[in-house]
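upload05.tsv, holding TSV, C-alpha atoms:
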```
chain	number	residue	atom	x	y	z
A	173	MET	CA	24.38	9.51	-11.73
A	174	ILE	CA	20.94	11.13	-12.00
A	175	PHE	CA	19.56	7.83	-13.30
A	176	GLU	CA	20.58	5.95	-10.13
A	177	PHE	CA	19.29	8.82	-7.97
A	178	LEU	CA	15.87	8.66	-9.66
A	179	LEU	CA	15.78	4.87	-9.23
A	180	LEU	CA	16.38	5.39	-5.50
A	181	VAL	CA	13.62	8.04	-5.36
A	182	ALA	CA	11.23	5.65	-7.14
A	183	ILE	CA	11.92	2.88	-4.62
A	184	ILE	CA	11.43	5.27	-1.67
A	185	LEU	CA	8.14	6.58	-3.13
A	186	ALA	CA	6.87	3.05	-3.75
A	187	ILE	CA	7.57	2.02	-0.13
A	188	ALA	CA	5.99	5.26	1.14
A	189	ALA	CA	2.83	4.69	-0.95
A	190	VAL	CA	2.37	1.28	0.71
A	191	GLU	CA	3.21	2.37	4.24
A	192	VAL	CA	1.28	5.66	4.58
A	193	LYS	CA	-2.02	5.39	6.49
A	194	ASP	CA	-4.09	8.05	4.69
A	195	MET	CA	-5.36	6.66	1.38
A	196	LEU	CA	-5.53	10.04	-0.37
A	197	TYR	CA	-1.86	10.70	0.41
A	198	ALA	CA	-1.02	7.20	-0.87
A	199	VAL	CA	-2.75	8.01	-4.19
A	200	LEU	CA	-0.83	11.30	-4.52
A	201	ILE	CA	2.50	9.60	-3.74
A	202	LEU	CA	1.64	7.01	-6.41
A	203	GLY	CA	1.15	9.87	-8.89
A	204	GLY	CA	4.60	11.20	-8.00
A	205	LEU	CA	6.04	7.71	-8.51
A	206	ASP	CA	4.50	7.65	-12.01
A	207	LEU	CA	6.16	10.99	-12.83
A	208	VAL	CA	9.58	9.68	-11.69
A	209	VAL	CA	9.13	6.52	-13.76
A	210	ALA	CA	8.22	8.69	-16.78
A	211	VAL	CA	11.47	10.67	-16.38
A	212	LEU	CA	13.34	7.34	-16.19
A	213	PHE	CA	11.70	6.25	-19.47
A	214	TYR	CA	12.77	9.55	-21.05
A	215	LEU	CA	16.37	9.06	-19.88
A	216	MET	CA	16.31	5.56	-21.43
A	217	ALA	CA	15.52	7.22	-24.82
A	218	ALA	CA	11.84	6.22	-24.95
A	219	PRO	CA	9.93	9.56	-25.05
A	220	ASP	CA	6.89	7.90	-26.59
A	221	ILE	CA	6.44	5.61	-23.58
A	222	ALA	CA	7.14	8.57	-21.25
A	223	ILE	CA	4.26	10.58	-22.74
A	224	THR	CA	1.89	7.63	-22.41
A	225	GLN	CA	3.08	6.96	-18.84
A	226	ILE	CA	2.45	10.56	-17.74
A	227	VAL	CA	-0.88	10.94	-19.48
A	228	VAL	CA	-2.48	7.58	-18.65
A	229	THR	CA	-1.21	6.64	-15.20
A	230	ALA	CA	-0.31	10.00	-13.64
A	231	VAL	CA	-3.47	11.78	-14.83
A	232	PHE	CA	-6.21	9.20	-15.41
A	233	GLY	CA	-5.04	6.62	-12.90
A	234	THR	CA	-4.85	9.27	-10.18
A	235	PHE	CA	-8.34	10.51	-11.08
A	236	ILE	CA	-9.86	7.02	-10.90
A	237	TYR	CA	-8.07	6.32	-7.59
A	238	VAL	CA	-9.34	9.62	-6.16
A	239	VAL	CA	-12.92	8.70	-7.12
A	240	ALA	CA	-12.47	5.28	-5.49
A	241	VAL	CA	-11.07	6.85	-2.29
A	242	ASN	CA	-13.96	9.32	-2.24
A	243	ARG	CA	-16.44	6.42	-2.24
A	244	THR	CA	-14.74	4.09	0.23
A	245	GLY	CA	-13.17	6.41	2.80
A	246	ARG	CA	-9.71	7.74	3.57
A	247	LYS	CA	-8.84	5.58	6.58
A	248	GLU	CA	-6.96	2.37	6.05
A	249	VAL	CA	-8.94	-0.58	7.43
A	250	ILE	CA	-6.99	-3.65	8.56
A	251	GLU	CA	-9.06	-6.76	9.25
B	191	MET	CA	-14.77	25.57	-6.84
B	192	ASP	CA	-13.62	29.15	-6.35
B	193	ALA	CA	-13.04	31.83	-8.96
B	194	ILE	CA	-9.28	31.32	-9.35
B	195	ILE	CA	-9.66	27.68	-10.40
B	196	LYS	CA	-12.55	28.50	-12.74
B	197	THR	CA	-10.64	31.31	-14.49
B	198	THR	CA	-7.49	29.20	-14.81
B	199	THR	CA	-9.56	26.35	-16.26
B	200	ARG	CA	-11.12	28.69	-18.83
B	201	LEU	CA	-7.62	29.75	-19.90
B	202	LEU	CA	-6.04	26.28	-19.88
B	203	VAL	CA	-8.67	24.06	-21.54
B	204	PRO	CA	-8.22	25.47	-25.10
B	205	LEU	CA	-4.43	25.24	-24.77
B	206	ILE	CA	-4.61	21.62	-23.58
B	207	MET	CA	-6.87	20.74	-26.52
B	208	VAL	CA	-4.50	22.41	-29.01
B	209	PHE	CA	-1.61	20.44	-27.48
B	210	GLY	CA	-3.61	17.22	-27.79
B	211	PHE	CA	-4.27	17.83	-31.47
B	212	TYR	CA	-0.58	18.73	-31.94
B	213	VAL	CA	0.58	15.46	-30.35
B	214	SER	CA	-1.83	13.40	-32.45
B	215	LEU	CA	-1.18	15.20	-35.76
B	216	HIS	CA	2.63	15.05	-35.35
B	217	GLY	CA	2.44	11.39	-34.34
B	218	HIS	CA	4.22	10.05	-37.42
B	219	ILE	CA	7.29	12.32	-37.26
B	220	SER	CA	7.74	12.93	-33.52
B	221	PRO	CA	6.94	11.11	-30.26
B	222	GLY	CA	3.23	10.85	-29.65
B	223	GLY	CA	0.42	9.45	-31.73
B	224	GLY	CA	-3.28	8.85	-31.68
B	225	PHE	CA	-3.58	7.30	-28.22
B	226	PRO	CA	-1.59	9.87	-26.13
B	227	GLY	CA	-3.17	12.75	-28.08
B	228	GLY	CA	-6.64	11.39	-27.40
B	229	VAL	CA	-5.97	10.98	-23.69
B	230	ILE	CA	-4.64	14.57	-23.51
B	231	LEU	CA	-7.86	15.77	-25.19
B	232	ALA	CA	-9.91	13.83	-22.63
B	233	SER	CA	-7.87	15.26	-19.73
B	234	ALA	CA	-9.09	18.74	-20.74
B	235	PHE	CA	-12.62	17.49	-20.02
B	236	LEU	CA	-11.34	16.04	-16.72
B	237	LEU	CA	-10.20	19.51	-15.66
B	238	LEU	CA	-13.59	20.90	-16.71
B	239	VAL	CA	-15.67	18.51	-14.57
B	240	ILE	CA	-13.42	19.09	-11.54
B	241	ALA	CA	-13.66	22.88	-11.73
B	242	PHE	CA	-17.31	23.45	-12.67
B	243	THR	CA	-20.61	22.29	-11.20
B	244	GLU	CA	-23.14	19.90	-12.70
B	245	LYS	CA	-25.40	22.55	-14.27
B	246	GLU	CA	-22.53	24.52	-15.82
B	247	VAL	CA	-21.08	21.42	-17.47
B	248	GLU	CA	-24.39	20.06	-18.75
B	249	LYS	CA	-25.29	23.40	-20.34
B	250	HIS	CA	-22.60	22.86	-23.00
B	251	PHE	CA	-22.26	19.09	-22.99
B	252	SER	CA	-24.34	16.21	-24.27
B	253	GLU	CA	-23.39	12.58	-23.67
B	254	ILE	CA	-25.40	11.38	-26.69
B	255	LYS	CA	-23.52	13.70	-29.06
B	256	ILE	CA	-20.16	12.44	-27.72
B	257	GLY	CA	-21.32	8.85	-28.33
B	258	ASP	CA	-22.35	9.77	-31.89
B	259	LEU	CA	-18.93	11.40	-32.44
B	260	LYS	CA	-17.25	8.18	-31.31
B	261	SER	CA	-19.32	6.10	-33.74
B	262	VAL	CA	-18.70	8.45	-36.69
B	263	ALA	CA	-14.94	8.56	-36.01
B	264	SER	CA	-14.80	4.74	-35.78
B	265	ILE	CA	-16.56	4.41	-39.16
B	266	ALA	CA	-14.19	7.03	-40.63
B	267	LEU	CA	-11.22	5.01	-39.31
B	268	LEU	CA	-12.53	1.89	-41.07
B	269	GLY	CA	-13.15	3.87	-44.27
B	270	ILE	CA	-9.60	5.27	-44.25
B	271	VAL	CA	-8.13	1.78	-43.85
B	272	LEU	CA	-10.18	0.52	-46.82
B	273	LEU	CA	-9.39	3.62	-48.91
B	274	GLU	CA	-5.67	3.27	-48.22
B	275	VAL	CA	-5.53	0.12	-50.40
B	276	ILE	CA	-6.68	2.16	-53.41
B	277	VAL	CA	-4.75	5.40	-52.94
B	278	ARG	CA	-1.46	3.99	-51.61
B	279	PRO	CA	0.55	4.10	-54.93
B	280	ASP	CA	-0.62	7.62	-55.82
B	281	ILE	CA	-0.42	9.41	-52.46
B	282	LEU	CA	3.27	8.69	-51.85
B	283	HIS	CA	4.29	10.66	-54.99
B	284	LEU	CA	2.45	13.74	-53.75
B	285	GLN	CA	4.23	13.77	-50.38
B	286	THR	CA	7.67	14.91	-49.26
B	287	PRO	CA	9.44	12.78	-46.65
B	288	LEU	CA	10.21	14.10	-43.13
B	289	THR	CA	7.59	16.85	-43.29
B	290	LEU	CA	4.09	16.98	-41.83
B	291	TRP	CA	2.55	15.85	-45.12
B	292	SER	CA	4.25	12.45	-45.30
B	293	GLY	CA	3.70	8.85	-44.29
B	294	GLY	CA	0.68	8.03	-46.47
B	295	VAL	CA	-2.63	8.17	-44.63
B	296	THR	CA	-1.09	7.77	-41.15
B	297	ILE	CA	-1.91	11.37	-40.21
B	298	PHE	CA	-5.66	10.74	-40.75
B	299	LEU	CA	-5.47	7.47	-38.82
B	300	ASN	CA	-3.84	9.32	-35.90
B	301	LEU	CA	-6.41	12.12	-36.01
B	302	PHE	CA	-9.50	9.89	-36.03
B	303	GLY	CA	-7.91	7.46	-33.55
B	304	ALA	CA	-7.38	10.40	-31.18
B	305	ILE	CA	-11.05	11.38	-31.53
B	306	VAL	CA	-12.20	7.80	-30.79
B	307	VAL	CA	-9.95	7.54	-27.71
B	308	ALA	CA	-10.92	11.00	-26.44
B	309	SER	CA	-14.68	10.46	-26.75
B	310	GLY	CA	-14.49	7.01	-25.14
B	311	LEU	CA	-12.55	8.35	-22.16
B	312	VAL	CA	-14.88	11.36	-21.85
B	313	ILE	CA	-17.84	8.95	-21.57
B	314	ILE	CA	-15.98	6.93	-18.87
B	315	VAL	CA	-15.09	10.08	-16.87
B	316	TYR	CA	-18.59	11.50	-17.20
B	317	SER	CA	-20.27	8.32	-15.99
B	318	LEU	CA	-17.92	8.19	-12.97
B	319	VAL	CA	-18.47	11.87	-12.12
B	320	LYS	CA	-22.24	11.67	-12.59
B	321	GLU	CA	-22.45	9.06	-9.84
B	322	GLU	CA	-20.44	11.39	-7.59
B	323	TRP	CA	-22.79	14.29	-8.33
B	324	LYS	CA	-25.83	12.14	-7.51
B	325	SER	CA	-24.64	11.02	-4.07
B	326	LYS	CA	-25.43	13.55	-1.36
B	327	LYS	CA	-22.33	12.84	0.75
B	328	SER	CA	-19.95	13.82	-2.06
B	329	LYS	CA	-17.73	16.84	-1.55
B	330	TRP	CA	-17.85	17.87	-5.23
```
As structure tokens, what does this structure read like?
Amino acid sequence: MIFEFLLLVAIILAIAAVEVKDMLYAVLILGGLDLVVAVLFYLMAAPDIAITQIVVTAVFGTFIYVVAVNRTGRKEVIE
Amino acid sequence: MDAIIKTTTRLLVPLIMVFGFYVSLHGHISPGGGFPGGVILASAFLLLVIAFTEKEVEKHFSEIKIGDLKSVASIALLGIVLLEVIVRPDILHLQTPLTLWSGGVTIFLNLFGAIVVASGLVIIVYSLVKEEWKSKKSKW
């Protein structure tokens, strides 16, 4: 039950990360998506992958995205 | 950053580093290992560069020493792999299974692998943050 609920939350967060206009909010939603995916890995009995998922993508990926947003600007530009 | 974040960082950074060493040293009997432990060690430095200013970080930090640490740990990793061929029959008699002192030389491989990963990621983070400190428009 909780597994299907978390899958639904992951899909909603992924769509929200694409659709939101502010880039900094998109990066933070992406970090939340990584946390949900890590919990899913833990429920599928892979705690090793869950640790790596949290530490690499949710911490370092978010940091690198924040640096990139800080250099390019927060507004989404559509050409 | 303000005083609350600085004080919390001073409290948290040693605990994060202890947890990183725990994850890497227990890598052969519990989930974890050299790579996640090393990234946790580097994330302590990440917290440090976010909370403190350029001068406060560079008072206690040297990029050249971190690079030297990475080289020494890489050579130690190679030496352990070569040494393992010689000591493999003897070391297994001295160890008890399912305790911390088990699994041959895996615990040393995890420890030095964590140091290599941590110092490499610290150099990456520092070079990114140094560019941010240089640019005048940056909010850091």
- Selection: 10 Å around Leu237 in chain B, only C-alpha atoms, excl. self and same-chain fewer than 2 positions, as a list in words: Ile195, Lys196, Thr199, Arg200, Leu202, Val203, Ile206, Ala232, Ser233, Ala234, Phe235, Val239, Ile240, Ala241 and Phe242 of chain B
For those residues, write C-alpha atoms to a file as an mmCIF file, keeping the file's coordinate frame.
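Resulting contents of selection-v8.cif:
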```
data_model
loop_
_atom_site.group_PDB
_atom_site.id
_atom_site.type_symbol
_atom_site.label_atom_id
_atom_site.label_comp_id
_atom_site.auth_asym_id
_atom_site.auth_seq_id
_atom_site.Cartn_x
_atom_site.Cartn_y
_atom_site.Cartn_z
ATOM 1 C CA ILE B 195 -9.660 27.680 -10.400
ATOM 2 C CA LYS B 196 -12.550 28.500 -12.740
ATOM 3 C CA THR B 199 -9.560 26.350 -16.260
ATOM 4 C CA ARG B 200 -11.120 28.690 -18.830
ATOM 5 C CA LEU B 202 -6.040 26.280 -19.880
ATOM 6 C CA VAL B 203 -8.670 24.060 -21.540
ATOM 7 C CA ILE B 206 -4.610 21.620 -23.580
ATOM 8 C CA ALA B 232 -9.910 13.830 -22.630
ATOM 9 C CA SER B 233 -7.870 15.260 -19.730
ATOM 10 C CA ALA B 234 -9.090 18.740 -20.740
ATOM 11 C CA PHE B 235 -12.620 17.490 -20.020
ATOM 12 C CA VAL B 239 -15.670 18.510 -14.570
ATOM 13 C CA ILE B 240 -13.420 19.090 -11.540
ATOM 14 C CA ALA B 241 -13.660 22.880 -11.730
ATOM 15 C CA PHE B 242 -17.310 23.450 -12.670
#
```
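Shortest separation to Gly222 in chain B among B:Ala304, B:Gln285, B:Lys320, B:Gly310 occurs at residue B:Ala304, atoms counted being all atoms listed in the file.
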Show me, as CSV, the residues of chain A having an atom within 8 Å of chain B, each with the closest atom pair and its distance in Å, using all atoms listed in the file.
```
residue,atom,partner,partner_atom,distance
A:Pro219,CA,B:Pro221,CA,6.2
A:Asp220,CA,B:Pro221,CA,4.9
A:Ile223,CA,B:Pro226,CA,6.8
A:Thr224,CA,B:Pro226,CA,5.6
A:Val227,CA,B:Ile230,CA,6.6
A:Val228,CA,B:Val229,CA,7.0
A:Val231,CA,B:Ser233,CA,7.4
A:Phe232,CA,B:Ser233,CA,7.6
A:Val239,CA,B:Leu318,CA,7.7
A:Asn242,CA,B:Ser328,CA,7.5
```
- note - CA of Ala222 in chain A and CA of Phe211 in chain B are separated by 17.9 Å
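The interatomic distance for the pair CA of Asn300 in chain B and CA of Leu284 in chain B works out to 19.4 Å.
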- What does the distance between CA of Leu215 in chain A and CA of Ile183 in chain A come to in Å, to one decimal place?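 Between CA of Leu215 in chain A and CA of Ile183 in chain A the gap works out to 17.1 Å.
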- Task: Step by step: start from the point (6.9, 5.2, -11.6) in the file's coordinates, keep every protein, DNA or RNA residue that has an atom no farther than 10 Å from it, count all atoms listed in the file, and write the set as a PyMOL selection string.
- Result: chain A and resi 178-179+181-183+185-186+202-213+225-226+229-230
- Protein, DNA and RNA residues within 7 Å of (-20.1, 11.0, -25.9), all atoms listed in the file, as a ChimeraX atom specification: /B:252-260,309-310,312-313
- Of A:Val238, A:Ile184, A:Val199, A:Lys193, the one sitting nearest Ile250 in chain A when using only C-alpha atoms is A:Lys193
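The shortest atom-to-atom distance to Gly294 in chain B, with only C-alpha atoms taken into account, belongs to B:His218 out of B:Ile194, B:His218, B:Gly269, B:Lys245.
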- Message: Need the shell around range 196-198 of chain A: protein/DNA/RNA residues with any atom at most 9 Å away, counting all atoms listed in the file. Skip same-chain ones fewer than 5 positions apart. Format as a list of chain:residue names?
- Response: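 The contact residues come out as A:Ala188, A:Ala189, A:Val190, A:Glu191, A:Gly203, A:Tyr237, A:Val238, A:Val241, A:Asn242, A:Arg246, A:Lys247.
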Some atoms are missing, so please complete range 240-257 of chain B with N, CA, C and O atoms and return it as a PDB file, in the coordinates of the input.
```pdb
ATOM      1  N   ILE B 240     -13.874  18.830 -12.908  1.00  0.00           N
ATOM      2  CA  ILE B 240     -13.420  19.090 -11.540  1.00  0.00           C
ATOM      3  C   ILE B 240     -13.736  20.525 -11.150  1.00  0.00           C
ATOM      4  O   ILE B 240     -14.166  20.807 -10.035  1.00  0.00           O
ATOM      5  N   ALA B 241     -13.560  21.475 -12.088  1.00  0.00           N
ATOM      6  CA  ALA B 241     -13.660  22.880 -11.730  1.00  0.00           C
ATOM      7  C   ALA B 241     -15.100  23.375 -11.688  1.00  0.00           C
ATOM      8  O   ALA B 241     -15.438  24.211 -10.850  1.00  0.00           O
ATOM      9  N   PHE B 242     -15.968  22.874 -12.563  1.00  0.00           N
ATOM     10  CA  PHE B 242     -17.310  23.450 -12.670  1.00  0.00           C
ATOM     11  C   PHE B 242     -18.353  22.521 -12.052  1.00  0.00           C
ATOM     12  O   PHE B 242     -18.104  21.339 -11.843  1.00  0.00           O
ATOM     13  N   THR B 243     -19.543  23.075 -11.803  1.00  0.00           N
ATOM     14  CA  THR B 243     -20.610  22.290 -11.200  1.00  0.00           C
ATOM     15  C   THR B 243     -21.406  21.553 -12.275  1.00  0.00           C
ATOM     16  O   THR B 243     -21.143  21.671 -13.462  1.00  0.00           O
ATOM     17  N   GLU B 244     -22.395  20.767 -11.795  1.00  0.00           N
ATOM     18  CA  GLU B 244     -23.140  19.900 -12.700  1.00  0.00           C
ATOM     19  C   GLU B 244     -23.893  20.697 -13.773  1.00  0.00           C
ATOM     20  O   GLU B 244     -23.870  20.375 -14.953  1.00  0.00           O
ATOM     21  N   LYS B 245     -24.577  21.785 -13.323  1.00  0.00           N
ATOM     22  CA  LYS B 245     -25.400  22.550 -14.270  1.00  0.00           C
ATOM     23  C   LYS B 245     -24.538  23.244 -15.308  1.00  0.00           C
ATOM     24  O   LYS B 245     -24.885  23.302 -16.499  1.00  0.00           O
ATOM     25  N   GLU B 246     -23.394  23.783 -14.870  1.00  0.00           N
ATOM     26  CA  GLU B 246     -22.530  24.520 -15.820  1.00  0.00           C
ATOM     27  C   GLU B 246     -21.944  23.608 -16.876  1.00  0.00           C
ATOM     28  O   GLU B 246     -21.772  24.004 -18.028  1.00  0.00           O
ATOM     29  N   VAL B 247     -21.620  22.352 -16.480  1.00  0.00           N
ATOM     30  CA  VAL B 247     -21.080  21.420 -17.470  1.00  0.00           C
ATOM     31  C   VAL B 247     -22.162  20.970 -18.430  1.00  0.00           C
ATOM     32  O   VAL B 247     -21.974  20.963 -19.650  1.00  0.00           O
ATOM     33  N   GLU B 248     -23.352  20.636 -17.887  1.00  0.00           N
ATOM     34  CA  GLU B 248     -24.390  20.060 -18.750  1.00  0.00           C
ATOM     35  C   GLU B 248     -25.049  21.090 -19.654  1.00  0.00           C
ATOM     36  O   GLU B 248     -25.798  20.730 -20.550  1.00  0.00           O
ATOM     37  N   LYS B 249     -24.758  22.388 -19.427  1.00  0.00           N
ATOM     38  CA  LYS B 249     -25.290  23.400 -20.340  1.00  0.00           C
ATOM     39  C   LYS B 249     -24.623  23.309 -21.713  1.00  0.00           C
ATOM     40  O   LYS B 249     -25.234  23.600 -22.736  1.00  0.00           O
ATOM     41  N   HIS B 250     -23.346  22.908 -21.744  1.00  0.00           N
ATOM     42  CA  HIS B 250     -22.600  22.860 -23.000  1.00  0.00           C
ATOM     43  C   HIS B 250     -22.248  21.454 -23.447  1.00  0.00           C
ATOM     44  O   HIS B 250     -21.500  21.283 -24.395  1.00  0.00           O
ATOM     45  N   PHE B 251     -22.766  20.448 -22.759  1.00  0.00           N
ATOM     46  CA  PHE B 251     -22.260  19.090 -22.990  1.00  0.00           C
ATOM     47  C   PHE B 251     -23.412  18.122 -23.116  1.00  0.00           C
ATOM     48  O   PHE B 251     -24.381  18.200 -22.375  1.00  0.00           O
ATOM     49  N   SER B 252     -23.317  17.226 -24.079  1.00  0.00           N
ATOM     50  CA  SER B 252     -24.340  16.210 -24.270  1.00  0.00           C
ATOM     51  C   SER B 252     -23.668  14.860 -24.456  1.00  0.00           C
ATOM     52  O   SER B 252     -22.814  14.694 -25.326  1.00  0.00           O
ATOM     53  N   GLU B 253     -24.038  13.893 -23.615  1.00  0.00           N
ATOM     54  CA  GLU B 253     -23.390  12.580 -23.670  1.00  0.00           C
ATOM     55  C   GLU B 253     -23.740  11.845 -24.968  1.00  0.00           C
ATOM     56  O   GLU B 253     -22.917  11.116 -25.521  1.00  0.00           O
ATOM     57  N   ILE B 254     -24.967  12.081 -25.476  1.00  0.00           N
ATOM     58  CA  ILE B 254     -25.400  11.380 -26.690  1.00  0.00           C
ATOM     59  C   ILE B 254     -24.590  11.848 -27.889  1.00  0.00           C
ATOM     60  O   ILE B 254     -24.171  11.070 -28.742  1.00  0.00           O
ATOM     61  N   LYS B 255     -24.302  13.182 -27.931  1.00  0.00           N
ATOM     62  CA  LYS B 255     -23.520  13.700 -29.060  1.00  0.00           C
ATOM     63  C   LYS B 255     -22.092  13.167 -29.025  1.00  0.00           C
ATOM     64  O   LYS B 255     -21.500  12.884 -30.076  1.00  0.00           O
ATOM     65  N   ILE B 256     -21.512  12.999 -27.817  1.00  0.00           N
ATOM     66  CA  ILE B 256     -20.160  12.440 -27.720  1.00  0.00           C
ATOM     67  C   ILE B 256     -20.158  10.993 -28.204  1.00  0.00           C
ATOM     68  O   ILE B 256     -19.242  10.553 -28.907  1.00  0.00           O
ATOM     69  N   GLY B 257     -21.216  10.223 -27.850  1.00  0.00           N
ATOM     70  CA  GLY B 257     -21.320   8.850 -28.330  1.00  0.00           C
ATOM     71  C   GLY B 257     -21.452   8.780 -29.847  1.00  0.00           C
ATOM     72  O   GLY B 257     -20.834   7.926 -30.497  1.00  0.00           O
TER      73      GLY B 257
END
```
